[in-house]
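Student: Got start.txt for you, compact mmCIF, C-alpha atoms:
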# COMPACT_ATOMS: atom_id res chain seq x y z
CA GLY A 1045 -6.93 10.76 14.33
CA ILE A 1046 -7.16 7.13 13.37
CA ILE A 1047 -9.86 4.48 13.47
CA LYS A 1048 -9.06 0.92 14.58
CA VAL A 1049 -10.30 -1.70 12.13
CA SER A 1050 -10.51 -5.31 13.32
CA ILE A 1051 -9.84 -7.72 10.49
CA THR A 1052 -10.03 -10.92 12.56
CA ILE A 1053 -9.76 -11.65 16.23
CA VAL A 1054 -5.94 -11.51 16.13
CA LEU A 1055 -5.25 -9.00 13.35
CA LYS A 1056 -5.89 -5.27 13.50
CA ALA A 1057 -5.36 -2.44 11.03
CA TYR A 1058 -5.72 1.32 11.24
CA VAL A 1059 -7.32 3.76 8.82
CA ALA A 1060 -7.18 7.56 8.98
CA ASN A 1061 -10.54 8.81 10.26
CA TRP A 1062 -10.91 11.24 7.35
CA VAL A 1063 -10.96 8.28 4.92
CA VAL A 1064 -14.17 6.77 6.26
CA LYS A 1065 -17.51 8.06 7.48
CA LEU A 1066 -18.92 6.32 10.53
CA GLU A 1067 -22.61 6.41 11.29
CA GLN A 1068 -22.44 4.11 14.27
CA SER A 1069 -19.91 3.65 17.05
CA GLN A 1070 -18.59 0.33 15.79
CA ILE A 1071 -18.82 -1.41 12.41
CA ASN A 1072 -18.25 -5.14 12.02
CA ILE A 1073 -17.40 -6.36 8.53
CA GLU A 1074 -17.69 -10.02 7.54
CA SER A 1075 -14.55 -11.54 6.09
CA ASN A 1076 -14.28 -11.83 2.32
CA THR A 1077 -14.95 -15.31 0.90
CA ASN A 1078 -11.47 -15.21 -0.70
CA LYS A 1079 -9.78 -16.29 2.52
CA LYS A 1080 -6.00 -16.31 2.62
CA PRO A 1081 -4.01 -19.28 3.91
CA ALA A 1082 -2.96 -19.07 7.55
CA ARG A 1083 0.42 -17.48 8.06
CA LYS A 1084 3.19 -18.42 10.43
CA LYS A 1085 3.33 -16.19 13.48
CA GLY A 1086 6.03 -13.52 13.20
CA THR A 1087 6.35 -13.74 9.42
CA LEU A 1088 4.56 -12.26 6.43
CA HIS A 1089 3.98 -15.65 4.75
CA GLY A 1090 0.53 -15.78 3.21
CA LEU A 1091 0.16 -12.00 2.96
CA THR A 1092 -0.14 -10.10 -0.31
CA ILE A 1093 1.10 -6.52 -0.20
CA VAL A 1094 0.82 -3.98 -3.00
CA VAL A 1095 3.58 -1.38 -2.95
CA ASP A 1096 2.81 1.79 -4.89
CA PRO A 1097 5.79 4.01 -5.74
CA GLY A 1098 3.90 7.30 -6.08
CA HIS A 1099 4.02 9.45 -9.23
CA GLY A 1100 6.00 8.31 -12.31
CA GLY A 1101 6.34 9.20 -15.99
CA ASN A 1102 5.16 12.74 -16.68
CA ASP A 1103 4.02 13.08 -13.03
CA HIS A 1104 7.27 14.05 -11.27
CA GLY A 1105 5.79 14.74 -7.84
CA THR A 1106 7.70 17.36 -5.91
CA THR A 1107 11.36 18.24 -6.33
CA GLY A 1108 13.78 17.88 -3.42
CA VAL A 1109 16.30 20.49 -2.31
CA ASN A 1110 18.96 18.71 -4.42
CA LYS A 1111 16.66 18.80 -7.48
CA THR A 1112 15.78 15.12 -7.09
CA PRO A 1113 12.31 14.29 -8.47
CA GLU A 1114 10.05 12.58 -5.95
CA LYS A 1115 9.06 9.91 -8.47
CA ARG A 1116 12.65 8.56 -8.56
CA ILE A 1117 13.07 8.43 -4.77
CA ASN A 1118 9.64 6.78 -4.43
CA LEU A 1119 10.69 4.03 -6.85
CA LEU A 1120 14.03 3.44 -5.10
CA THR A 1121 12.29 3.26 -1.71
CA ALA A 1122 9.66 0.87 -3.11
CA GLU A 1123 12.38 -1.44 -4.43
CA LEU A 1124 14.12 -1.52 -1.03
CA LEU A 1125 10.83 -2.11 0.79
CA THR A 1126 9.83 -4.84 -1.68
CA ASN A 1127 13.08 -6.73 -1.03
CA LYS A 1128 12.54 -6.54 2.74
CA LEU A 1129 8.89 -7.66 2.51
CA ARG A 1130 9.73 -10.56 0.19
CA SER A 1131 12.54 -11.63 2.53
CA ALA A 1132 9.95 -11.78 5.31
CA GLY A 1133 7.77 -14.05 3.16
CA ALA A 1134 5.19 -11.67 1.69
CA GLU A 1135 4.00 -11.77 -1.88
CA VAL A 1136 4.65 -8.24 -3.15
CA ILE A 1137 3.13 -6.60 -6.22
CA LEU A 1138 4.44 -3.23 -7.41
CA THR A 1139 2.07 -0.83 -9.18
CA ARG A 1140 5.03 0.30 -11.30
CA GLU A 1141 8.58 -0.97 -11.70
CA SER A 1142 9.92 1.74 -13.99
CA ASP A 1143 9.48 5.45 -14.68
CA LYS A 1144 6.01 5.23 -16.15
CA TYR A 1145 2.75 6.91 -15.19
CA VAL A 1146 0.06 4.66 -13.72
CA ASP A 1147 -3.45 6.10 -13.36
CA LEU A 1148 -4.72 6.26 -9.76
CA ARG A 1149 -7.71 4.04 -10.59
CA LYS A 1150 -5.36 1.44 -12.08
CA ARG A 1151 -3.27 1.46 -8.88
CA VAL A 1152 -6.38 0.68 -6.83
CA ALA A 1153 -7.51 -1.93 -9.38
CA ILE A 1154 -4.16 -3.73 -9.06
CA SER A 1155 -4.68 -3.96 -5.30
CA ASN A 1156 -8.24 -5.23 -5.67
CA GLN A 1157 -7.28 -7.67 -8.43
CA HIS A 1158 -4.70 -9.33 -6.19
CA ASN A 1159 -6.97 -9.25 -3.10
CA ALA A 1160 -4.19 -7.44 -1.24
CA ASP A 1161 -3.91 -7.51 2.53
CA ALA A 1162 -2.17 -4.14 2.49
CA PHE A 1163 -1.64 -1.26 0.06
CA ILE A 1164 1.40 0.91 0.75
CA SER A 1165 1.72 4.11 -1.28
CA ILE A 1166 5.13 5.76 -1.02
CA HIS A 1167 5.47 9.55 -1.20
CA TYR A 1168 7.94 12.16 -0.03
CA ASP A 1169 7.62 15.91 0.26
CA ALA A 1170 10.17 18.50 -0.87
CA HIS A 1171 12.37 17.92 2.18
Let's see the structure in the file written out as structure tokens.

Tutor:
Amino acid sequence: GIIKVSITIVLKAYVANWVVKLEQSQINIESNTNKKPARKKGTLHGLTIVVDPGHGGNDHGTTGVNKTPEKRINLLTAELLTNKLRSAGAEVILTRESDKYVDLRKRVAISNQHNADAFISIHYDAH
């Protein structure tokens, strides 16, 4: 299942319920003091999105039926997604832009460092 997370009155996000532990029926979180500028309705202006092409370097991920390493497809998908997000006005930060390994903690640190509004990690399975 998923848990609905209210960010502000007009924005909502969803988190898988296995990611968080709830001890009460509803949790309200105060907004961070690093407030983002208001964005135009229907655009991504003012939003910072970290795109994480999973795996990389010596971490190949899985291998597809055509012997394609997941790390390569993840990077290609991330590049396409980044272009679309930037066209819509978002500021996009990639955790890697080449075939190099980036530690999982570093990927999270990049997101925190840029006060990201969203973190999108791209992965495929063997199919």

Student: Please identify all polymer residues lying at most 12 Å from the point (10.7, 9.5, -9.7) (file coordinates), using only C-alpha atoms, and present the result as a PyMOL selection string.

Tutor: chain A and resi 1097-1108+1111-1122+1140-1145+1166-1168

Student: Do you have the atom CA of A:Leu1124-atom CA of A:Leu1091 distance handy?

Tutor: 17.9 Å

Student: Please indicate the distance in Å from atom CA of A:Leu1129 to atom CA of A:Ile1093, rounded to one decimal place.

Tutor: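 Between atom CA of A:Leu1129 and atom CA of A:Ile1093 the gap is 8.3 Å.
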
Student: Which is closer to A:Val1152 than all the others in A:Leu1088, A:Leu1125, A:Val1095, A:Val1109, using all atoms listed in the file?

Tutor: A:Val1095

Student: As an exercise, work out the distance from atom CA of A:Asn1127 to atom CA of A:Ala1170 in Å and give it to one decimal place.

Tutor: 25.4 Å

Student: Looking at all atoms listed in the file, which of A:Thr1092, A:Thr1126, A:Ser1155, A:Asn1110 is the one that sits closest to A:Thr1139?

Tutor: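 Among the listed residues, the smallest separation from A:Thr1139 belongs to A:Ser1155.
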
Student: Which residue gives the smallest distance to A:Gly1090 among A:Glu1123, A:Asp1161, A:Asp1147, A:Asp1169, with only C-alpha atoms counted?

Tutor: A:Asp1161

Student: Can I get stretch 1122-1154 of chain A with N, CA and C atoms filled in, as a compact mmCIF listing (two decimals), keeping the file's coordinate frame?

Tutor:
# COMPACT_ATOMS: atom_id res chain seq x y z
N ALA A 1122 10.55 2.01 -2.87
CA ALA A 1122 9.66 0.87 -3.11
C ALA A 1122 10.46 -0.40 -3.39
N GLU A 1123 11.54 -0.27 -4.13
CA GLU A 1123 12.38 -1.44 -4.43
C GLU A 1123 13.03 -1.98 -3.16
N LEU A 1124 13.53 -1.09 -2.30
CA LEU A 1124 14.12 -1.52 -1.03
C LEU A 1124 13.08 -2.19 -0.14
N LEU A 1125 11.91 -1.56 -0.03
CA LEU A 1125 10.83 -2.11 0.79
C LEU A 1125 10.38 -3.47 0.26
N THR A 1126 10.26 -3.58 -1.06
CA THR A 1126 9.83 -4.84 -1.68
C THR A 1126 10.79 -5.96 -1.32
N ASN A 1127 12.09 -5.71 -1.39
CA ASN A 1127 13.08 -6.73 -1.03
C ASN A 1127 12.93 -7.17 0.42
N LYS A 1128 12.71 -6.21 1.32
CA LYS A 1128 12.54 -6.54 2.74
C LYS A 1128 11.27 -7.37 2.97
N LEU A 1129 10.16 -6.95 2.33
CA LEU A 1129 8.89 -7.66 2.51
C LEU A 1129 8.96 -9.07 1.95
N ARG A 1130 9.58 -9.22 0.77
CA ARG A 1130 9.73 -10.56 0.19
C ARG A 1130 10.62 -11.44 1.06
N SER A 1131 11.66 -10.87 1.63
CA SER A 1131 12.54 -11.63 2.53
C SER A 1131 11.78 -12.13 3.75
N ALA A 1132 10.77 -11.39 4.15
CA ALA A 1132 9.95 -11.78 5.31
C ALA A 1132 8.82 -12.73 4.91
N GLY A 1133 8.74 -13.05 3.60
CA GLY A 1133 7.77 -14.05 3.16
C GLY A 1133 6.52 -13.53 2.47
N ALA A 1134 6.39 -12.23 2.33
CA ALA A 1134 5.19 -11.67 1.69
C ALA A 1134 5.26 -11.80 0.18
N GLU A 1135 4.10 -11.91 -0.43
CA GLU A 1135 4.00 -11.77 -1.88
C GLU A 1135 3.83 -10.27 -2.12
N VAL A 1136 4.69 -9.67 -2.93
CA VAL A 1136 4.65 -8.24 -3.15
C VAL A 1136 4.39 -7.95 -4.62
N ILE A 1137 3.43 -7.07 -4.87
CA ILE A 1137 3.13 -6.60 -6.22
C ILE A 1137 3.39 -5.11 -6.25
N LEU A 1138 4.17 -4.66 -7.22
CA LEU A 1138 4.44 -3.23 -7.41
C LEU A 1138 3.46 -2.67 -8.44
N THR A 1139 2.96 -1.46 -8.19
CA THR A 1139 2.07 -0.83 -9.18
C THR A 1139 2.85 -0.32 -10.38
N ARG A 1140 4.14 -0.05 -10.19
CA ARG A 1140 5.03 0.30 -11.30
C ARG A 1140 6.44 -0.10 -10.92
N GLU A 1141 7.21 -0.55 -11.94
CA GLU A 1141 8.58 -0.97 -11.70
C GLU A 1141 9.57 -0.15 -12.51
N SER A 1142 9.06 0.86 -13.19
CA SER A 1142 9.92 1.74 -13.99
C SER A 1142 9.31 3.14 -13.97
N ASP A 1143 9.95 4.06 -14.66
CA ASP A 1143 9.48 5.45 -14.68
C ASP A 1143 8.35 5.60 -15.67
N LYS A 1144 7.19 5.08 -15.30
CA LYS A 1144 6.01 5.23 -16.15
C LYS A 1144 4.85 5.72 -15.28
N TYR A 1145 3.92 6.41 -15.91
CA TYR A 1145 2.75 6.91 -15.19
C TYR A 1145 1.71 5.81 -15.11
N VAL A 1146 1.15 5.60 -13.93
CA VAL A 1146 0.06 4.66 -13.72
C VAL A 1146 -1.10 5.45 -13.13
N ASP A 1147 -2.24 5.40 -13.80
CA ASP A 1147 -3.45 6.10 -13.36
C ASP A 1147 -3.82 5.65 -11.94
N LEU A 1148 -4.35 6.58 -11.14
CA LEU A 1148 -4.72 6.26 -9.76
C LEU A 1148 -5.74 5.13 -9.68
N ARG A 1149 -6.71 5.12 -10.60
CA ARG A 1149 -7.71 4.04 -10.59
C ARG A 1149 -7.06 2.69 -10.87
N LYS A 1150 -6.08 2.68 -11.75
CA LYS A 1150 -5.36 1.44 -12.08
C LYS A 1150 -4.59 0.94 -10.86
N ARG A 1151 -4.01 1.86 -10.08
CA ARG A 1151 -3.27 1.46 -8.88
C ARG A 1151 -4.19 0.75 -7.90
N VAL A 1152 -5.39 1.30 -7.72
CA VAL A 1152 -6.38 0.68 -6.83
C VAL A 1152 -6.85 -0.65 -7.41
N ALA A 1153 -7.06 -0.70 -8.73
CA ALA A 1153 -7.51 -1.93 -9.38
C ALA A 1153 -6.49 -3.06 -9.20
N ILE A 1154 -5.21 -2.73 -9.26
CA ILE A 1154 -4.16 -3.73 -9.06
C ILE A 1154 -4.30 -4.34 -7.66
